[in-house]
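Enquirer: You'll find run-v1.txt just under this line, and it carries compact mmCIF, C-alpha atoms.
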```txt
# COMPACT_ATOMS: atom_id res chain seq x y z
CA MET S 1 111.66 13.77 49.11
CA ASP S 2 110.77 15.31 52.46
CA ALA S 3 109.34 13.38 55.41
CA LEU S 4 105.77 14.66 55.01
CA SER S 5 105.70 13.72 51.33
CA GLU S 6 107.03 10.24 52.08
CA ALA S 7 104.46 9.75 54.85
CA LEU S 8 101.59 10.94 52.66
CA ASN S 9 102.73 8.56 49.93
CA ALA S 10 102.86 5.71 52.44
CA VAL S 11 99.24 6.13 53.59
CA ARG S 12 96.58 5.35 51.03
CA MET S 13 93.92 7.97 50.53
CA THR S 14 90.62 6.21 49.94
CA GLY S 15 88.43 8.91 48.47
CA ALA S 16 87.24 12.46 48.97
CA ILE S 17 84.12 14.55 48.48
CA PHE S 18 82.95 18.14 48.75
CA PHE S 19 79.53 19.62 49.36
CA THR S 20 78.34 23.15 50.00
CA ALA S 21 76.40 24.54 52.96
CA GLU S 22 74.49 27.82 52.65
CA CYS S 23 73.12 29.00 55.98
CA THR S 24 71.22 32.12 57.05
CA ALA S 25 71.00 33.16 60.70
CA PRO S 26 69.79 31.86 63.01
CA TRP S 27 71.01 28.38 62.20
CA GLY S 28 72.98 25.52 63.70
CA PHE S 29 73.80 21.88 63.07
CA SER S 30 75.64 19.10 64.87
CA VAL S 31 78.17 16.71 63.36
CA PRO S 32 78.54 13.20 64.87
CA HIS S 33 81.82 11.37 65.38
CA LEU S 34 83.02 10.49 61.91
CA LYS S 35 84.27 7.03 62.89
CA ASP S 36 80.64 5.94 62.76
CA VAL S 37 80.28 6.81 59.05
CA ALA S 38 83.84 6.43 57.69
CA HIS S 39 82.94 3.29 55.76
CA ALA S 40 80.40 5.24 53.68
CA LEU S 41 83.11 7.17 51.83
CA SER S 42 85.01 4.30 50.28
CA PRO S 43 85.77 0.62 51.01
CA GLY S 44 88.82 0.34 53.23
CA THR S 45 88.40 3.78 54.81
CA GLU S 46 89.51 3.54 58.43
CA ARG S 47 89.92 7.21 59.29
CA LEU S 48 87.83 10.12 58.06
CA VAL S 49 89.21 13.66 58.18
CA SER S 50 86.80 16.54 57.67
CA TYR S 51 87.24 20.22 57.10
CA HIS S 52 85.17 23.31 56.46
CA LEU S 53 86.30 26.16 54.24
CA VAL S 54 84.35 29.31 55.13
CA THR S 55 83.84 31.32 51.93
CA GLU S 56 81.44 33.94 53.29
CA GLY S 57 80.09 35.12 56.63
CA LYS S 58 80.92 33.84 60.08
CA ALA S 59 80.04 31.08 62.55
CA LEU S 60 80.82 29.63 65.96
CA VAL S 61 82.30 26.13 66.27
CA ARG S 62 82.01 24.24 69.54
CA PHE S 63 83.64 21.04 70.77
CA ALA S 64 82.79 19.51 74.12
CA GLY S 65 84.86 20.99 76.93
CA THR S 66 86.47 23.78 74.88
CA PRO S 67 85.64 27.45 74.32
CA ASP S 68 83.75 28.47 71.19
CA VAL S 69 85.90 29.19 68.14
CA CYS S 70 84.84 32.01 65.81
CA VAL S 71 85.44 31.48 62.08
CA GLU S 72 85.03 33.80 59.12
CA GLY S 73 85.66 34.00 55.40
CA GLY S 74 88.96 32.42 54.34
CA ASP S 75 89.26 30.22 57.43
CA ILE S 76 89.83 26.50 57.04
CA LEU S 77 88.84 24.24 59.92
CA ILE S 78 90.38 20.79 59.95
CA ILE S 79 89.00 18.17 62.32
CA PRO S 80 91.83 15.58 62.13
CA HIS S 81 90.27 12.93 64.36
CA GLY S 82 86.62 13.36 63.35
CA ASP S 83 85.44 14.57 66.76
CA PRO S 84 81.77 15.51 67.15
CA HIS S 85 81.05 19.26 67.12
CA THR S 86 78.43 21.90 66.42
CA ILE S 87 78.48 24.91 64.07
CA SER S 88 76.03 27.78 64.44
CA ASN S 89 75.25 31.45 64.00
CA GLY S 90 72.67 33.25 66.09
CA SER S 91 70.41 31.46 68.56
CA PRO S 92 68.55 28.69 66.71
CA ALA S 93 65.70 27.00 68.56
CA THR S 94 67.23 23.60 67.80
CA LEU S 95 70.41 22.20 66.27
CA ILE S 96 69.85 20.08 63.18
CA ASP S 97 71.43 16.62 63.43
CA SER S 98 73.48 16.18 60.26
CA GLY S 99 74.13 12.51 61.02
CA PRO S 100 71.24 11.06 58.96
CA SER S 101 72.32 13.10 55.91
CA LEU S 102 76.06 12.62 56.30
CA ALA S 103 76.21 9.21 54.65
CA LYS S 104 74.37 10.63 51.63
CA PHE S 105 76.86 13.48 51.38
CA LEU S 106 79.78 11.06 51.61
CA THR S 107 78.43 8.90 48.81
CA GLY S 108 77.74 11.91 46.60
CA GLN S 109 73.94 11.62 46.70
CA LEU S 110 73.65 15.16 48.07
CA MET S 111 75.82 18.11 47.04
CA SER S 112 74.38 21.00 49.05
CA MET S 113 72.68 21.88 52.32
CA HIS S 114 70.45 24.91 52.99
CA LEU S 115 69.10 25.92 56.39
CA GLY S 116 68.33 28.85 58.65
CA GLY S 117 66.17 31.93 58.87
CA GLU S 118 66.41 35.26 57.09
CA GLY S 119 69.53 36.76 58.70
CA GLU S 120 73.12 37.10 57.57
CA SER S 121 74.52 34.41 55.30
CA THR S 122 77.37 32.00 55.95
CA HIS S 123 78.67 29.79 53.16
CA PHE S 124 80.87 26.72 53.62
CA VAL S 125 82.59 24.26 51.37
CA CYS S 126 82.73 21.08 53.41
CA GLY S 127 85.27 18.42 52.53
CA TYR S 128 86.06 14.89 53.63
CA PHE S 129 88.70 12.37 52.73
CA GLY S 130 89.40 8.92 53.97
CA CYS S 131 92.69 7.25 54.77
CA GLU S 132 94.15 4.26 56.54
CA ARG S 133 94.54 4.23 60.31
CA HIS S 134 98.34 4.35 59.86
CA ALA S 135 97.92 8.13 59.55
CA ASP S 136 97.26 8.21 63.31
CA ARG S 137 100.92 7.51 63.94
CA LEU S 138 102.23 9.77 61.20
CA PHE S 139 100.99 13.18 60.12
CA LEU S 140 97.83 12.98 62.28
CA ALA S 141 99.81 12.17 65.43
CA GLY S 142 99.71 14.91 68.03
CA LEU S 143 97.33 17.13 66.10
CA PRO S 144 94.73 18.99 68.18
CA THR S 145 91.00 18.43 68.06
CA MET S 146 90.70 21.22 65.50
CA ILE S 147 93.09 23.34 63.45
CA LYS S 148 92.09 26.79 62.23
CA ILE S 149 94.11 28.41 59.43
CA ASN S 150 93.22 31.41 57.25
CA ILE S 151 94.40 31.04 53.65
CA ARG S 152 93.49 34.46 52.27
CA GLY S 153 96.74 36.10 53.26
CA ASP S 154 98.76 35.15 50.15
CA SER S 155 98.38 34.31 46.48
CA ALA S 156 98.81 30.54 46.96
CA GLY S 157 95.93 30.36 49.43
CA ALA S 158 93.74 32.62 47.31
CA TRP S 159 94.36 30.41 44.26
CA LEU S 160 93.49 27.27 46.21
CA GLU S 161 90.26 28.73 47.56
CA SER S 162 89.29 30.05 44.13
CA SER S 163 89.96 26.68 42.50
CA ILE S 164 87.88 24.79 45.03
CA ARG S 165 84.98 27.21 44.74
CA HIS S 166 85.07 26.90 40.96
CA LEU S 167 85.10 23.09 41.02
CA VAL S 168 82.27 22.91 43.51
CA ALA S 169 80.19 25.38 41.49
CA ASP S 170 80.86 23.27 38.39
CA SER S 171 80.14 19.96 40.10
CA SER S 172 76.69 19.59 38.55
CA SER S 173 77.96 20.02 34.98
CA GLY S 174 78.72 16.32 34.53
CA ARG S 175 82.03 17.08 32.82
CA PRO S 176 84.48 14.14 32.64
CA GLY S 177 86.99 13.90 35.46
CA GLN S 178 84.97 16.05 37.87
CA THR S 179 85.00 13.50 40.69
CA VAL S 180 88.76 12.98 40.47
CA LEU S 181 89.42 16.72 40.41
CA LEU S 182 87.34 17.24 43.54
CA SER S 183 89.13 14.39 45.28
CA LYS S 184 92.57 15.76 44.42
CA MET S 185 91.59 19.26 45.53
CA ALA S 186 90.39 17.85 48.85
CA GLU S 187 93.81 16.31 49.39
CA ALA S 188 95.57 19.47 48.23
CA LEU S 189 93.59 21.61 50.67
CA PHE S 190 94.43 19.27 53.55
CA ILE S 191 98.13 19.09 52.68
CA GLU S 192 98.42 22.86 52.26
CA THR S 193 96.81 23.39 55.65
CA LEU S 194 99.20 20.87 57.24
CA ARG S 195 102.14 22.71 55.68
CA ARG S 196 100.99 26.06 57.05
CA TYR S 197 100.29 24.58 60.47
CA THR S 198 103.77 23.01 60.57
CA GLU S 199 105.43 26.28 59.59
CA GLN S 200 103.78 28.02 62.54
CA LEU S 201 104.84 25.47 65.17
CA PRO S 202 107.13 26.95 67.84
CA GLN S 203 110.66 25.62 68.14
CA GLU S 204 109.90 23.80 71.39
CA GLN S 205 107.00 21.86 69.86
CA THR S 206 107.25 18.05 69.76
CA GLY S 207 105.35 15.47 67.74
CA TRP S 208 105.56 13.97 64.27
CA LEU S 209 105.07 17.14 62.23
CA ALA S 210 107.52 19.08 64.39
CA GLY S 211 110.00 16.24 63.98
CA ALA S 212 109.54 16.22 60.22
CA ARG S 213 110.54 19.91 60.21
CA ASP S 214 113.75 19.23 62.15
CA PRO S 215 116.68 18.71 59.70
CA ILE S 216 118.03 15.61 61.43
CA VAL S 217 114.73 13.93 62.30
CA GLY S 218 113.09 14.94 59.02
CA ALA S 219 115.89 13.45 56.94
CA THR S 220 115.75 10.23 58.96
CA LEU S 221 111.96 9.93 58.71
CA ALA S 222 112.16 10.38 54.95
CA LEU S 223 114.68 7.55 54.66
CA LEU S 224 112.73 5.19 56.92
CA HIS S 225 109.52 5.72 54.98
CA ARG S 226 111.19 5.59 51.58
CA LYS S 227 112.99 2.30 52.27
CA PRO S 228 111.35 0.57 55.24
CA ARG S 229 112.66 -2.90 54.37
CA HIS S 230 116.28 -1.75 54.16
CA PRO S 231 118.43 -3.22 56.99
CA TRP S 232 119.11 0.19 58.52
CA THR S 233 121.66 0.60 61.28
CA LEU S 234 121.87 3.58 63.60
CA ALA S 235 125.31 4.41 62.21
CA GLU S 236 124.02 4.37 58.63
CA LEU S 237 121.05 6.60 59.46
CA ALA S 238 123.24 9.03 61.39
CA GLU S 239 125.66 9.34 58.49
CA ALA S 240 122.84 9.94 56.03
CA ALA S 241 121.33 12.62 58.31
CA GLY S 242 124.70 14.31 58.83
CA ALA S 243 124.68 13.78 62.59
CA SER S 244 126.34 11.67 65.24
CA ARG S 245 124.52 8.59 66.49
CA SER S 246 123.94 10.17 69.90
CA ALA S 247 122.60 13.38 68.34
CA LEU S 248 120.26 11.40 66.10
CA VAL S 249 118.84 9.39 69.01
CA GLU S 250 118.48 12.52 71.15
CA HIS S 251 116.66 14.49 68.44
CA PHE S 252 114.43 11.60 67.40
CA THR S 253 113.47 10.71 70.97
CA ARG S 254 112.78 14.33 71.88
CA PHE S 255 110.34 14.78 69.00
CA LEU S 256 108.81 11.31 68.67
CA GLY S 257 109.30 9.70 72.05
CA GLU S 258 111.42 6.78 70.82
CA PRO S 259 114.68 6.18 68.93
CA PRO S 260 114.65 5.69 65.16
CA LEU S 261 115.01 1.91 65.04
CA SER S 262 112.10 1.43 67.43
CA TYR S 263 110.02 3.73 65.22
CA LEU S 264 111.06 1.71 62.17
CA ALA S 265 110.10 -1.57 63.84
CA ARG S 266 106.57 -0.30 64.54
CA TRP S 267 106.19 1.15 61.05
CA ARG S 268 107.24 -2.15 59.45
CA LEU S 269 104.57 -3.95 61.46
CA GLN S 270 101.96 -1.39 60.36
CA LEU S 271 102.89 -2.09 56.75
CA ALA S 272 102.73 -5.82 57.41
CA ALA S 273 99.25 -5.45 58.92
CA ARG S 274 98.12 -3.67 55.77
CA MET S 275 99.46 -6.48 53.57
CA LEU S 276 97.81 -9.14 55.72
CA HIS S 277 94.53 -7.27 55.42
CA THR S 278 94.63 -6.49 51.71
CA THR S 279 96.62 -9.32 50.07
CA ARG S 280 96.83 -13.10 50.15
CA LYS S 281 100.62 -13.18 50.24
CA PRO S 282 102.09 -15.98 52.35
CA ILE S 283 103.16 -14.78 55.78
CA LEU S 284 106.82 -15.45 55.02
CA HIS S 285 106.61 -13.17 51.97
CA VAL S 286 104.95 -10.45 54.04
CA ALA S 287 107.72 -10.75 56.63
CA MET S 288 110.43 -10.43 53.99
CA ASP S 289 108.66 -7.53 52.27
CA VAL S 290 108.88 -5.45 55.43
CA GLY S 291 112.48 -6.34 56.27
CA TYR S 292 112.37 -9.45 58.46
CA GLU S 293 114.79 -12.26 57.75
CA SER S 294 112.74 -15.04 59.36
CA GLU S 295 109.06 -15.82 59.74
CA ALA S 296 109.53 -16.75 63.40
CA ALA S 297 111.01 -13.36 64.30
CA PHE S 298 108.21 -11.63 62.41
CA ASN S 299 105.53 -13.70 64.17
CA ARG S 300 106.88 -12.82 67.62
CA ALA S 301 107.16 -9.11 66.85
CA PHE S 302 103.73 -8.96 65.23
CA LYS S 303 102.05 -10.68 68.19
CA ARG S 304 103.70 -8.25 70.62
CA GLU S 305 102.32 -5.29 68.65
CA PHE S 306 98.83 -6.53 67.77
CA GLY S 307 98.12 -9.20 70.38
CA LEU S 308 97.59 -11.85 67.68
CA PRO S 309 99.95 -13.83 65.46
CA PRO S 310 99.81 -12.83 61.76
CA ALA S 311 97.62 -15.75 60.63
CA ARG S 312 94.94 -15.05 63.23
CA TYR S 313 95.13 -11.33 62.54
CA ARG S 314 94.48 -11.95 58.85
CA LYS S 315 91.48 -14.11 59.72
CA SER S 316 90.13 -11.47 62.11
CA CYS S 317 90.27 -8.86 59.32
CA GLN S 318 87.38 -10.68 57.68
CA GLY S 319 85.19 -9.62 60.60
CA ALA S 320 84.00 -6.20 61.66
CA ASP S 321 86.67 -5.48 64.28
CA VAL S 322 90.27 -5.28 63.16
CA PRO S 323 92.77 -5.53 66.06
CA GLN S 324 94.60 -2.31 66.84
CA PRO S 325 98.27 -2.05 67.79
CA ALA S 326 99.07 -1.89 71.48
CA GLY S 327 98.38 1.64 72.65
CA GLU S 328 96.63 2.46 69.38
CA GLY S 329 94.49 5.55 69.27
CA PRO S 330 95.06 8.99 67.84
CA VAL S 331 97.14 11.20 70.10
CA ARG S 332 95.64 14.64 70.06
CA HIS S 333 95.73 17.86 71.98
CA ARG S 334 93.51 20.84 72.56
CA VAL S 335 91.91 22.90 69.84
CA ALA S 336 94.45 25.06 68.02
CA ARG S 337 93.04 28.49 67.19
CA ASN S 338 94.37 31.02 64.72
CA GLY S 339 97.06 28.58 63.70
CA ALA S 340 98.57 28.56 67.20
CA PRO S 341 99.66 24.99 68.03
CA PRO S 342 99.00 23.28 71.35
CA GLU S 343 101.80 23.44 73.85
CA ASN S 344 104.18 20.54 74.31
CA ALA S 345 102.75 17.51 72.60
CA GLY S 346 103.13 14.45 74.83
CA ARG S 347 106.06 12.15 74.37
CA GLY S 348 106.03 8.41 74.46
CA ARG S 349 108.42 6.36 76.51
CA ALA S 350 111.87 6.23 74.96
CA ARG S 351 113.12 2.79 74.15
CA GLN S 352 116.69 1.67 74.21
CA ALA S 353 118.60 2.43 71.02
CA SER S 354 120.98 0.08 69.31
CA SER S 355 123.49 0.55 66.54
CA LYS S 356 122.96 -2.99 65.31
CA THR S 357 120.96 -3.84 62.22
CA LEU S 358 117.27 -4.04 63.05
CA ASN S 359 116.09 -7.65 63.17
CA PRO S 360 113.73 -7.97 66.14
CA PRO S 361 114.01 -11.16 68.18
```
Could you spell out this file's structure in structure tokens?

Expert:
Amino acid sequence: MDALSEALNAVRMTGAIFFTAECTAPWGFSVPHLKDVAHALSPGTERLVSYHLVTEGKALVRFAGTPDVCVEGGDILIIPHGDPHTISNGSPATLIDSGPSLAKFLTGQLMSMHLGGEGESTHFVCGYFGCERHADRLFLAGLPTMIKINIRGDSAGAWLESSIRHLVADSSSGRPGQTVLLSKMAEALFIETLRRYTEQLPQEQTGWLAGARDPIVGATLALLHRKPRHPWTLAELAEAAGASRSALVEHFTRFLGEPPLSYLARWRLQLAARMLHTTRKPILHVAMDVGYESEAAFNRAFKREFGLPPARYRKSCQGADVPQPAGEGPVRHRVARNGAPPENAGRGRARQASSKTLNPP
């Protein structure tokens, strides 16, 4: 499998929903930061990704500190990090705060929104899906505040839009499997948009998605996510990727800001944090499941990453605030318009590579 598929398989999707918005000018509404309502979608949701598929008409989208973005029929807007924004057409006297209604939409209590005057119409299909915070360091890493992609230029995009519109129109029928179909289509729409965005990245682009497209880095990422507990060595990874060790480290560091074994160490600890949060496995078993040979080594590495030893981290997960890894927080860039990616995603500090088997001290 490819790196993006492996990463998507590694991050649990925790639910999805669609609702429709039919607006007539002048109209406008504001959307709050989605971190405040992520829990409403499904238990365990830590990140909420939203998007708007414009099926008719046009609108202006505004994020703080950025120029307005014009959207029209066939455009998909993805807001990877759930940033607050406004959407409008015309000059409404006030912007409607969608915050009070958002939780009802996320739980499926409401399926449509109607607002505006008597002017031109704009129709949206609005979608949301939840996932674990691990996505921040994978396919969400380095994405801009907003991505705009038009899907009406080919048969695949037209089929996807048509399918979504049909399912949403049929959502009130009560037919069996409707909720699951909508959820899967939400994921399909997001993945298809990510694929198109990745294909349009310039060659000089850095970041996780750009790295996944690179033959050497992509092959290595796929292996690391497919078998994270395997005792990988730099030599073994280089051979599997068809590159020298120096070329592998250079490519990986250029795209992701660190060599492959450092990346693997952090990913193992992310997986361990998930197990500590969601299972009652003994800490030694968690350590072995993610590739550590001793509980002591695992404890030291985990504390360096999360600021707490595993036992205290597990206890803290019972409260409202789950500790974040050091430096945690979605890396993002400016709004990307018309599919054009932001320039030069930032790179992290490269760490020293080693050809030895990974077993952190």

Enquirer: Which residues come within 12 Å of Ala247 (chain S), counting only C-alpha atoms, excluding same-chain residues fewer than 5 positions away, as a list in words?

Expert: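 Using only C-alpha atoms, the neighbours found are Pro215, Ile216, Val217, Leu234, Ala235, Leu237, Ala238, Glu239, Ala241, Gly242, Phe252, Thr253, Arg254, Pro259, Pro260 and Ala353 of chain S.
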
Enquirer: Could you check which of S:Lys315, S:Arg245, S:Arg268, S:Arg280 is closest to Thr233 (chain S), using all atoms listed in the file?

Expert: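 Looking only at the distances to Thr233 (chain S), the closest residue turns out to be S:Arg245.
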
Enquirer: Which residue, S:Leu269, S:Leu182, S:Glu72, S:Arg195, has the smallest gap to Asp170 (chain S) when you use all atoms listed in the file?

Expert: S:Leu182

Enquirer: In terms of the shortest atom-to-atom distance over only C-alpha atoms, which of S:Gly117, S:Gly127, S:Gly90, S:Gly142 is closest to Phe105 (chain S)?

Expert: S:Gly127

Enquirer: With distances taken over all atoms listed in the file, which of S:Ala7, S:Glu295, S:Ser183, S:Gly116 is nearest to Val168 (chain S)?

Expert: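 Ranked by minimum distance to Val168 (chain S), first place goes to S:Ser183.
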
Enquirer: For Gly74 (chain S), work out the shell of residues within 6 Å, counting all atoms listed in the file and skipping chain neighbours fewer than 4 positions away, then give it as a PyMOL selection string.

Expert: chain S and resi 54-55+150-152

Enquirer: Residues within 8 Å of (71.6, 31.8, 49.3), file coordinates, counting all atoms listed in the file: what are they? Give the list as an mmCIF file with C-alpha atoms, keeping the file's coordinate frame.

Expert:
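Generated file (point-v7.cif):
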```cif
data_model
loop_
_atom_site.group_PDB
_atom_site.id
_atom_site.type_symbol
_atom_site.label_atom_id
_atom_site.label_comp_id
_atom_site.auth_asym_id
_atom_site.auth_seq_id
_atom_site.Cartn_x
_atom_site.Cartn_y
_atom_site.Cartn_z
ATOM 1 C CA GLU S 22 74.490 27.820 52.650
ATOM 2 C CA CYS S 23 73.120 29.000 55.980
ATOM 3 C CA THR S 24 71.220 32.120 57.050
ATOM 4 C CA HIS S 114 70.450 24.910 52.990
ATOM 5 C CA SER S 121 74.520 34.410 55.300
#
```

Enquirer: Would you kindly return, as a PDB file with C-alpha atoms, in the frame of the given file, each protein, DNA or RNA residue with an atom no farther than 8 Å from any atom of Tyr51 (chain S), considering all atoms listed in the file and excluding same-chain residues fewer than 3 positions away?

Expert:
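Output file result_27.pdb follows:
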```pdb
ATOM      1  CA  ILE S  76      89.830  26.500  57.040  1.00  0.00           C
ATOM      2  CA  LEU S  77      88.840  24.240  59.920  1.00  0.00           C
ATOM      3  CA  ILE S  78      90.380  20.790  59.950  1.00  0.00           C
ATOM      4  CA  ILE S  79      89.000  18.170  62.320  1.00  0.00           C
ATOM      5  CA  CYS S 126      82.730  21.080  53.410  1.00  0.00           C
ATOM      6  CA  GLY S 127      85.270  18.420  52.530  1.00  0.00           C
ATOM      7  CA  TYR S 128      86.060  14.890  53.630  1.00  0.00           C
TER       8      TYR S 128
END
```
